[in-house]
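J.: My structure is stored as my_file-v1.cif, with mmCIF, C-alpha atoms.
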data_input
loop_
_atom_site.group_PDB
_atom_site.id
_atom_site.type_symbol
_atom_site.label_atom_id
_atom_site.label_comp_id
_atom_site.auth_asym_id
_atom_site.auth_seq_id
_atom_site.Cartn_x
_atom_site.Cartn_y
_atom_site.Cartn_z
ATOM 1 C CA MET O 1 206.253 106.335 61.401
ATOM 2 C CA LYS O 2 205.260 102.695 60.944
ATOM 3 C CA ALA O 3 207.280 101.741 64.020
ATOM 4 C CA LEU O 4 205.607 104.487 66.044
ATOM 5 C CA SER O 5 202.179 103.303 64.910
ATOM 6 C CA THR O 6 203.011 99.760 65.957
ATOM 7 C CA ARG O 7 204.131 100.906 69.395
ATOM 8 C CA LEU O 8 200.987 102.938 69.861
ATOM 9 C CA LEU O 9 198.784 100.022 68.889
ATOM 10 C CA LEU O 10 200.590 97.547 71.112
ATOM 11 C CA LEU O 11 201.086 99.757 74.112
ATOM 12 C CA GLY O 12 198.364 102.399 74.131
ATOM 13 C CA GLY O 13 195.108 101.785 75.905
ATOM 14 C CA ILE O 14 191.599 103.082 76.466
ATOM 15 C CA GLY O 15 189.736 100.022 77.732
ATOM 16 C CA LEU O 16 185.986 99.805 77.876
ATOM 17 C CA PHE O 17 185.075 97.327 80.611
ATOM 18 C CA VAL O 18 188.770 96.663 81.231
ATOM 19 C CA ALA O 19 189.229 95.079 84.634
ATOM 20 C CA ALA O 20 192.887 95.990 84.774
ATOM 21 C CA CYS O 21 191.963 99.647 84.846
ATOM 22 C CA GLN O 22 189.984 99.242 88.029
ATOM 23 C CA THR O 23 192.916 98.808 90.370
ATOM 24 C CA SER O 24 196.174 99.836 88.765
ATOM 25 C CA ASN O 25 195.268 103.368 87.725
ATOM 26 C CA THR O 26 193.880 104.970 90.851
ATOM 27 C CA THR O 27 195.550 107.099 93.486
ATOM 28 C CA GLN O 28 194.662 107.862 97.063
ATOM 29 C CA ALA O 29 191.226 109.414 97.473
ATOM 30 C CA THR O 30 191.128 113.199 97.646
ATOM 31 C CA ASN O 31 189.153 115.303 100.113
ATOM 32 C CA CYS O 32 186.580 116.164 97.440
ATOM 33 C CA ASP O 33 183.589 114.612 99.167
ATOM 34 C CA SER O 34 180.146 114.050 97.693
ATOM 35 C CA VAL O 35 177.035 114.295 99.817
ATOM 36 C CA ASN O 36 175.593 111.322 97.914
ATOM 37 C CA ALA O 37 176.748 107.864 96.942
ATOM 38 C CA ALA O 38 177.880 107.525 93.344
ATOM 39 C CA ASN O 39 174.609 105.928 92.205
ATOM 40 C CA ASP O 40 172.588 108.770 93.754
ATOM 41 C CA MET O 41 174.634 111.691 92.458
ATOM 42 C CA SER O 42 172.975 114.254 90.211
ATOM 43 C CA TYR O 43 174.858 115.874 87.366
ATOM 44 C CA ALA O 44 175.151 118.981 89.559
ATOM 45 C CA ASP O 45 176.649 116.858 92.348
ATOM 46 C CA ALA O 46 179.132 115.344 89.908
ATOM 47 C CA GLN O 47 180.080 118.782 88.596
ATOM 48 C CA LYS O 48 180.851 120.036 92.116
ATOM 49 C CA VAL O 49 183.101 117.051 92.699
ATOM 50 C CA TYR O 50 184.787 117.622 89.339
ATOM 51 C CA GLU O 51 185.434 121.299 90.057
ATOM 52 C CA CYS O 52 187.162 120.221 93.248
ATOM 53 C CA ILE O 53 189.221 117.400 91.779
ATOM 54 C CA SER O 54 190.027 118.530 88.219
ATOM 55 C CA GLY O 55 193.200 120.439 89.049
ATOM 56 C CA LYS O 56 194.604 117.523 91.037
ATOM 57 C CA MET O 57 193.689 115.131 88.243
ATOM 58 C CA HIS O 58 195.563 117.093 85.601
ATOM 59 C CA ALA O 59 198.562 117.551 87.884
ATOM 60 C CA GLY O 60 198.716 113.762 88.189
ATOM 61 C CA TYR O 61 198.328 113.094 84.470
ATOM 62 C CA VAL O 62 201.257 115.340 83.471
ATOM 63 C CA LYS O 63 203.762 113.688 85.822
ATOM 64 C CA GLY O 64 206.648 111.655 84.499
ATOM 65 C CA LYS O 65 207.764 110.518 81.063
ATOM 66 C CA LYS O 66 204.955 109.959 78.617
ATOM 67 C CA ARG O 67 206.857 107.580 76.318
ATOM 68 C CA TRP O 68 204.379 106.615 73.549
ATOM 69 C CA VAL O 69 201.655 108.978 74.832
ATOM 70 C CA PRO O 70 202.115 112.446 73.282
ATOM 71 C CA ALA O 71 202.968 114.819 76.139
ATOM 72 C CA SER O 72 201.488 117.727 74.186
ATOM 73 C CA ILE O 73 198.053 116.099 74.377
ATOM 74 C CA VAL O 74 198.271 115.470 78.116
ATOM 75 C CA ASN O 75 199.603 118.947 78.810
ATOM 76 C CA ASN O 76 197.217 120.925 76.628
ATOM 77 C CA TYR O 77 193.833 119.189 76.513
ATOM 78 C CA PRO O 78 192.296 121.438 79.260
ATOM 79 C CA ASN O 79 192.522 124.282 76.697
ATOM 80 C CA TRP O 80 190.444 122.338 74.152
ATOM 81 C CA THR O 81 186.681 122.332 73.694
ATOM 82 C CA LYS O 82 184.799 120.559 76.459
ATOM 83 C CA ALA O 83 182.157 118.309 74.902
ATOM 84 C CA SER O 84 180.268 117.674 78.141
ATOM 85 C CA THR O 85 178.741 120.172 80.547
ATOM 86 C CA ALA O 86 179.147 117.909 83.586
ATOM 87 C CA PRO O 87 180.681 114.524 84.403
ATOM 88 C CA ALA O 88 178.471 111.527 83.756
ATOM 89 C CA ASN O 89 178.747 107.780 84.162
ATOM 90 C CA PRO O 90 177.633 106.099 80.924
ATOM 91 C CA GLY O 91 178.425 102.624 82.236
ATOM 92 C CA PHE O 92 181.682 102.275 80.301
ATOM 93 C CA HIS O 93 185.292 102.642 81.461
ATOM 94 C CA SER O 94 184.655 100.647 84.631
ATOM 95 C CA ASP O 95 181.647 102.786 85.607
ATOM 96 C CA ARG O 96 183.710 105.920 86.103
ATOM 97 C CA PHE O 97 182.459 109.490 85.699
ATOM 98 C CA LEU O 98 183.825 110.962 82.451
ATOM 99 C CA VAL O 99 184.504 114.457 81.123
ATOM 100 C CA THR O 100 185.239 114.668 77.385
ATOM 101 C CA TYR O 101 187.477 117.149 75.535
ATOM 102 C CA VAL O 102 188.012 117.398 71.766
ATOM 103 C CA ASN O 103 190.742 119.264 69.892
ATOM 104 C CA ASP O 104 190.176 121.933 67.233
ATOM 105 C CA ILE O 105 190.631 119.511 64.334
ATOM 106 C CA GLY O 106 187.864 117.228 65.489
ATOM 107 C CA LYS O 107 185.414 119.478 67.303
ATOM 108 C CA ALA O 108 183.141 120.443 64.390
ATOM 109 C CA GLU O 109 182.439 116.821 63.456
ATOM 110 C CA TYR O 110 182.338 115.431 66.983
ATOM 111 C CA LEU O 111 179.998 118.073 68.404
ATOM 112 C CA LYS O 112 177.322 117.108 65.883
ATOM 113 C CA PHE O 113 176.831 114.001 68.063
ATOM 114 C CA ALA O 114 175.523 112.281 64.930
ATOM 115 C CA ASP O 115 174.340 108.677 65.092
ATOM 116 C CA GLU O 116 175.619 107.738 61.645
ATOM 117 C CA GLY O 117 177.758 108.959 58.768
ATOM 118 C CA VAL O 118 180.452 110.326 61.092
ATOM 119 C CA ASN O 119 183.936 110.700 59.595
ATOM 120 C CA MET O 120 186.450 112.341 61.902
ATOM 121 C CA PRO O 121 189.363 114.065 60.125
ATOM 122 C CA ALA O 122 192.892 112.770 60.626
ATOM 123 C CA GLY O 123 194.502 114.517 63.568
ATOM 124 C CA SER O 124 191.320 114.553 65.644
ATOM 125 C CA VAL O 125 191.919 113.790 69.326
ATOM 126 C CA LEU O 126 189.420 112.958 72.059
ATOM 127 C CA VAL O 127 190.420 112.954 75.709
ATOM 128 C CA LYS O 128 188.296 111.634 78.568
ATOM 129 C CA GLU O 129 189.173 112.470 82.149
ATOM 130 C CA SER O 130 187.795 109.978 84.634
ATOM 131 C CA PHE O 131 187.114 109.634 88.324
ATOM 132 C CA SER O 132 185.114 107.437 90.650
ATOM 133 C CA VAL O 133 183.410 108.102 93.982
ATOM 134 C CA ASN O 134 184.109 105.562 96.712
ATOM 135 C CA LYS O 135 181.777 104.341 99.449
ATOM 136 C CA LYS O 136 182.925 107.184 101.711
ATOM 137 C CA GLY O 137 181.849 109.734 99.097
ATOM 138 C CA GLU O 138 185.445 110.635 98.253
ATOM 139 C CA ALA O 139 186.478 111.280 94.669
ATOM 140 C CA VAL O 140 189.250 109.056 93.343
ATOM 141 C CA PRO O 141 191.086 110.121 90.150
ATOM 142 C CA GLY O 142 191.048 107.588 87.331
ATOM 143 C CA PRO O 143 192.983 107.229 84.074
ATOM 144 C CA LEU O 144 193.071 109.690 81.206
ATOM 145 C CA PHE O 145 191.690 107.974 78.085
ATOM 146 C CA ILE O 146 192.852 109.169 74.651
ATOM 147 C CA MET O 147 191.727 108.469 71.076
ATOM 148 C CA GLN O 148 193.750 109.904 68.190
ATOM 149 C CA LYS O 149 192.678 109.600 64.539
ATOM 150 C CA ALA O 150 195.558 108.657 62.249
ATOM 151 C CA ALA O 151 195.809 109.131 58.499
ATOM 152 C CA ALA O 152 193.772 106.752 56.349
ATOM 153 C CA GLY O 153 195.352 103.325 56.132
ATOM 154 C CA LYS O 154 197.738 103.735 59.067
ATOM 155 C CA SER O 155 195.927 101.274 61.317
ATOM 156 C CA PRO O 156 193.260 99.348 59.375
ATOM 157 C CA ARG O 157 192.582 96.914 62.214
ATOM 158 C CA THR O 158 191.461 99.755 64.478
ATOM 159 C CA ALA O 159 189.812 101.912 61.783
ATOM 160 C CA ASP O 160 192.812 104.275 61.940
ATOM 161 C CA TRP O 161 192.322 105.109 65.618
ATOM 162 C CA TYR O 162 195.161 105.034 68.141
ATOM 163 C CA TYR O 163 194.024 104.299 71.694
ATOM 164 C CA MET O 164 196.110 105.406 74.663
ATOM 165 C CA MET O 165 195.768 105.640 78.418
ATOM 166 C CA ASP O 166 197.669 107.614 81.044
ATOM 167 C CA SER O 167 197.246 106.574 84.673
ATOM 168 C CA ALA O 168 196.162 108.967 87.425
ATOM 169 C CA LYS O 169 199.836 109.081 88.450
ATOM 170 C CA GLY O 170 201.018 109.956 84.938
ATOM 171 C CA VAL O 171 202.220 106.497 83.897
ATOM 172 C CA PRO O 172 201.353 105.375 80.333
ATOM 173 C CA GLN O 173 199.398 102.125 80.481
ATOM 174 C CA GLY O 174 200.012 99.254 78.081
ATOM 175 C CA VAL O 175 197.132 97.002 77.031
ATOM 176 C CA ASN O 176 196.083 95.104 73.918
ATOM 177 C CA VAL O 177 194.258 97.959 72.221
ATOM 178 C CA TYR O 178 192.392 95.737 69.786
ATOM 179 C CA GLN O 179 190.886 93.414 72.374
ATOM 180 C CA ALA O 180 190.579 95.913 75.230
ATOM 181 C CA CYS O 181 189.570 98.956 73.233
ATOM 182 C CA HIS O 182 188.595 98.642 69.617
ATOM 183 C CA GLN O 183 186.395 95.580 69.934
ATOM 184 C CA CYS O 184 184.237 97.515 72.387
ATOM 185 C CA HIS O 185 184.305 100.655 70.254
ATOM 186 C CA SER O 186 183.116 98.592 67.296
ATOM 187 C CA GLY O 187 179.652 98.985 68.770
ATOM 188 C CA PHE O 188 179.867 102.632 67.673
ATOM 189 C CA GLU O 189 180.874 101.905 64.082
ATOM 190 C CA THR O 190 178.407 104.351 62.500
ATOM 191 C CA GLN O 191 179.793 107.085 64.803
ATOM 192 C CA ASP O 192 183.346 106.479 63.547
ATOM 193 C CA TYR O 193 183.881 104.214 66.565
ATOM 194 C CA MET O 194 183.454 107.008 69.115
ATOM 195 C CA GLY O 195 181.272 107.144 72.179
ATOM 196 C CA TYR O 196 179.567 110.401 73.139
ATOM 197 C CA PRO O 197 178.740 111.919 76.514
ATOM 198 C CA VAL O 198 175.246 110.982 77.704
ATOM 199 C CA GLU O 199 172.600 113.190 76.083
ATOM 200 C CA GLU O 200 171.774 115.167 79.225
ATOM 201 C CA VAL O 201 175.291 116.627 79.462
ATOM 202 C CA ARG O 202 176.253 117.075 75.822
ATOM 203 C CA ALA O 203 177.615 120.536 75.027
ATOM 204 C CA GLN O 204 175.292 122.609 72.857
#
Output the file's structure as structure tokens, nothing else.

T.:
Amino acid sequence: MKALSTRLLLLGGIGLFVAACQTSNTTQATNCDSVNAANDMSYADAQKVYECISGKMHAGYVKGKKRWVPASIVNNYPNWTKASTAPANPGFHSDRFLVTYVNDIGKAEYLKFADEGVNMPAGSVLVKESFSVNKKGEAVPGPLFIMQKAAAGKSPRTADWYYMMDSAKGVPQGVNVYQACHQCHSGFETQDYMGYPVEEVRAQ
């Protein structure tokens, strides 16, 4: 288990403001056009794009060998609780639109959207689908970002969170999870190092 934890920490990834994610994890644009540029899209606009692209996104994520990324997470997250009512761009993850899912273990605590005193139980998993909208108004699938809460003491340097990332083509992405992920997430320390969807699209 220690060896697995080490591999996850060294190879998993969920970068906030990670430049490497901007180019290596996209695929060809789909035909899911937006009538507005990304900066002018409403939440309703973003939801229409998401409804068009979501099936193609998941089909891309599940391709290929998952190696250190648990295939069960990638396969099954669409059946989990959706924590956001529409995609939104919070300014993180290279300014992509995000849709957040949480598994049954973590949903009660996460959906409080509390600002402090948050303590996610071990086994909690958060998954964020991502996409961008290019200058032509076409939706481009982005990486799948994953956070998994380990048992207490398993990964002290990352507050017992494993960070992982699966590309839009289903290829696990390896980054330095402490520098690329946890240092950014440290800004959410009172929320157990988790970011939330923007307030306007949080599930009730």

J.: Kindly give the distance, in Å, that separates CA of Ala86 (chain O) and CA of Gly142 (chain O), rounded to a single decimal.

T.: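 Distance reported for this atom pair: 16.2 Å.
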
J.: Report, in Å to a single decimal, how far apart CA of Asp33 (chain O) and CA of Trp80 (chain O) are.

T.: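 Rounded to one decimal, the two atoms are 27.1 Å apart.
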
J.: Check what the PyMOL selection byres ((chain O and resi 167) around 8) selects in the file above and give those residues as a list of chain:residue names.

T.: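 In the shown coordinates, the PyMOL selection byres ((chain O and resi 167) around 8) covers O:Ser24, O:Asn25, O:Thr26, O:Tyr61, O:Gly142, O:Pro143, O:Leu144, O:Met165, O:Asp166, O:Ala168, O:Lys169, O:Gly170, O:Val171, O:Pro172, O:Gln173.
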
J.: Can you pull out the residues contacting region 49-52 of chain O? Cut-off 8 Å, using all atoms listed in the file, and skip same-chain residues under 3 positions away; I want them as a PyMOL selection string.

T.: chain O and resi 32-34+45-46+55+87+139

J.: Carefully work through the PyMOL selection byres ((chain O and resi 84) around 12) for this structure and note down the residues it includes, as a PDB file with C-alpha atoms, in the coordinates of the input.

T.:
ATOM      1  CA  TYR O  43     174.858 115.874  87.366  1.00  0.00           C
ATOM      2  CA  GLN O  47     180.080 118.782  88.596  1.00  0.00           C
ATOM      3  CA  TRP O  80     190.444 122.338  74.152  1.00  0.00           C
ATOM      4  CA  THR O  81     186.681 122.332  73.694  1.00  0.00           C
ATOM      5  CA  LYS O  82     184.799 120.559  76.459  1.00  0.00           C
ATOM      6  CA  ALA O  83     182.157 118.309  74.902  1.00  0.00           C
ATOM      7  CA  THR O  85     178.741 120.172  80.547  1.00  0.00           C
ATOM      8  CA  ALA O  86     179.147 117.909  83.586  1.00  0.00           C
ATOM      9  CA  PRO O  87     180.681 114.524  84.403  1.00  0.00           C
ATOM     10  CA  ALA O  88     178.471 111.527  83.756  1.00  0.00           C
ATOM     11  CA  ASN O  89     178.747 107.780  84.162  1.00  0.00           C
ATOM     12  CA  PHE O  97     182.459 109.490  85.699  1.00  0.00           C
ATOM     13  CA  LEU O  98     183.825 110.962  82.451  1.00  0.00           C
ATOM     14  CA  VAL O  99     184.504 114.457  81.123  1.00  0.00           C
ATOM     15  CA  THR O 100     185.239 114.668  77.385  1.00  0.00           C
ATOM     16  CA  TYR O 101     187.477 117.149  75.535  1.00  0.00           C
ATOM     17  CA  VAL O 102     188.012 117.398  71.766  1.00  0.00           C
ATOM     18  CA  TYR O 110     182.338 115.431  66.983  1.00  0.00           C
ATOM     19  CA  LEU O 111     179.998 118.073  68.404  1.00  0.00           C
ATOM     20  CA  PHE O 113     176.831 114.001  68.063  1.00  0.00           C
ATOM     21  CA  LEU O 126     189.420 112.958  72.059  1.00  0.00           C
ATOM     22  CA  VAL O 127     190.420 112.954  75.709  1.00  0.00           C
ATOM     23  CA  LYS O 128     188.296 111.634  78.568  1.00  0.00           C
ATOM     24  CA  GLU O 129     189.173 112.470  82.149  1.00  0.00           C
ATOM     25  CA  TYR O 196     179.567 110.401  73.139  1.00  0.00           C
ATOM     26  CA  PRO O 197     178.740 111.919  76.514  1.00  0.00           C
ATOM     27  CA  VAL O 198     175.246 110.982  77.704  1.00  0.00           C
ATOM     28  CA  GLU O 199     172.600 113.190  76.083  1.00  0.00           C
ATOM     29  CA  GLU O 200     171.774 115.167  79.225  1.00  0.00           C
ATOM     30  CA  VAL O 201     175.291 116.627  79.462  1.00  0.00           C
ATOM     31  CA  ARG O 202     176.253 117.075  75.822  1.00  0.00           C
ATOM     32  CA  ALA O 203     177.615 120.536  75.027  1.00  0.00           C
ATOM     33  CA  GLN O 204     175.292 122.609  72.857  1.00  0.00           C
TER      34      GLN O 204
END

J.: Could you expand the PyMOL selection byres ((chain O and resi 131) around 6) into the explicit residues it covers here, written as number ranges by chain?

T.: O: 96-97, 130, 132, 140-142

J.: Here is a test: counting only C-alpha atoms, which residue of O:Asn176, O:Asn103, O:Asn76, O:Asn39 is nearest to Met147 (chain O)?

T.: O:Asn103

J.: Can you take the partial region 183-204 of chain O, add N, CA and C atoms, and return it as a PDB file, in the coordinates of the input?

T.:
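This went into result28.pdb:
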ATOM      1  N   GLN O 183     187.530  96.499  70.030  1.00  0.00           N
ATOM      2  CA  GLN O 183     186.395  95.580  69.934  1.00  0.00           C
ATOM      3  C   GLN O 183     185.165  96.157  70.628  1.00  0.00           C
ATOM      4  N   CYS O 184     185.363  96.852  71.723  1.00  0.00           N
ATOM      5  CA  CYS O 184     184.237  97.515  72.387  1.00  0.00           C
ATOM      6  C   CYS O 184     183.746  98.707  71.580  1.00  0.00           C
ATOM      7  N   HIS O 185     184.673  99.484  71.040  1.00  0.00           N
ATOM      8  CA  HIS O 185     184.305 100.655  70.254  1.00  0.00           C
ATOM      9  C   HIS O 185     183.631 100.274  68.942  1.00  0.00           C
ATOM     10  N   SER O 186     183.775  99.030  68.528  1.00  0.00           N
ATOM     11  CA  SER O 186     183.116  98.592  67.296  1.00  0.00           C
ATOM     12  C   SER O 186     181.602  98.712  67.389  1.00  0.00           C
ATOM     13  N   GLY O 187     181.080  98.765  68.597  1.00  0.00           N
ATOM     14  CA  GLY O 187     179.652  98.985  68.770  1.00  0.00           C
ATOM     15  C   GLY O 187     179.200 100.368  68.338  1.00  0.00           C
ATOM     16  N   PHE O 188     180.168 101.269  68.124  1.00  0.00           N
ATOM     17  CA  PHE O 188     179.867 102.632  67.673  1.00  0.00           C
ATOM     18  C   PHE O 188     180.353 102.850  66.246  1.00  0.00           C
ATOM     19  N   GLU O 189     180.298 101.827  65.428  1.00  0.00           N
ATOM     20  CA  GLU O 189     180.874 101.905  64.082  1.00  0.00           C
ATOM     21  C   GLU O 189     180.311 103.055  63.266  1.00  0.00           C
ATOM     22  N   THR O 190     179.005 103.289  63.315  1.00  0.00           N
ATOM     23  CA  THR O 190     178.407 104.351  62.500  1.00  0.00           C
ATOM     24  C   THR O 190     178.778 105.739  63.009  1.00  0.00           C
ATOM     25  N   GLN O 191     179.329 105.807  64.221  1.00  0.00           N
ATOM     26  CA  GLN O 191     179.793 107.085  64.803  1.00  0.00           C
ATOM     27  C   GLN O 191     181.315 107.198  64.694  1.00  0.00           C
ATOM     28  N   ASP O 192     181.892 106.542  63.705  1.00  0.00           N
ATOM     29  CA  ASP O 192     183.346 106.479  63.547  1.00  0.00           C
ATOM     30  C   ASP O 192     184.004 105.941  64.812  1.00  0.00           C
ATOM     31  N   TYR O 193     183.344 104.974  65.432  1.00  0.00           N
ATOM     32  CA  TYR O 193     183.881 104.214  66.565  1.00  0.00           C
ATOM     33  C   TYR O 193     184.045 105.036  67.843  1.00  0.00           C
ATOM     34  N   MET O 194     183.346 106.137  67.939  1.00  0.00           N
ATOM     35  CA  MET O 194     183.454 107.008  69.115  1.00  0.00           C
ATOM     36  C   MET O 194     182.200 106.933  69.971  1.00  0.00           C
ATOM     37  N   GLY O 195     182.383 106.946  71.270  1.00  0.00           N
ATOM     38  CA  GLY O 195     181.272 107.144  72.179  1.00  0.00           C
ATOM     39  C   GLY O 195     181.086 108.630  72.455  1.00  0.00           C
ATOM     40  N   TYR O 196     179.878 109.007  72.799  1.00  0.00           N
ATOM     41  CA  TYR O 196     179.567 110.401  73.139  1.00  0.00           C
ATOM     42  C   TYR O 196     179.220 110.514  74.620  1.00  0.00           C
ATOM     43  N   PRO O 197     179.300 111.721  75.178  1.00  0.00           N
ATOM     44  CA  PRO O 197     178.740 111.919  76.514  1.00  0.00           C
ATOM     45  C   PRO O 197     177.244 111.598  76.502  1.00  0.00           C
ATOM     46  N   VAL O 198     176.684 111.234  77.655  1.00  0.00           N
ATOM     47  CA  VAL O 198     175.246 110.982  77.704  1.00  0.00           C
ATOM     48  C   VAL O 198     174.509 112.251  77.277  1.00  0.00           C
ATOM     49  N   GLU O 199     173.305 112.071  76.727  1.00  0.00           N
ATOM     50  CA  GLU O 199     172.600 113.190  76.083  1.00  0.00           C
ATOM     51  C   GLU O 199     172.395 114.367  77.018  1.00  0.00           C
ATOM     52  N   GLU O 200     172.117 114.090  78.296  1.00  0.00           N
ATOM     53  CA  GLU O 200     171.774 115.167  79.225  1.00  0.00           C
ATOM     54  C   GLU O 200     172.919 116.150  79.467  1.00  0.00           C
ATOM     55  N   VAL O 201     174.158 115.730  79.185  1.00  0.00           N
ATOM     56  CA  VAL O 201     175.291 116.627  79.462  1.00  0.00           C
ATOM     57  C   VAL O 201     176.090 116.970  78.209  1.00  0.00           C
ATOM     58  N   ARG O 202     175.531 116.733  77.040  1.00  0.00           N
ATOM     59  CA  ARG O 202     176.253 117.075  75.822  1.00  0.00           C
ATOM     60  C   ARG O 202     176.296 118.595  75.634  1.00  0.00           C
ATOM     61  N   ALA O 203     177.464 119.101  75.273  1.00  0.00           N
ATOM     62  CA  ALA O 203     177.615 120.536  75.027  1.00  0.00           C
ATOM     63  C   ALA O 203     176.763 120.941  73.839  1.00  0.00           C
ATOM     64  N   GLN O 204     176.154 122.111  73.940  1.00  0.00           N
ATOM     65  CA  GLN O 204     175.292 122.609  72.857  1.00  0.00           C
ATOM     66  C   GLN O 204     176.101 123.419  71.853  1.00  0.00           C
TER      67      GLN O 204
END
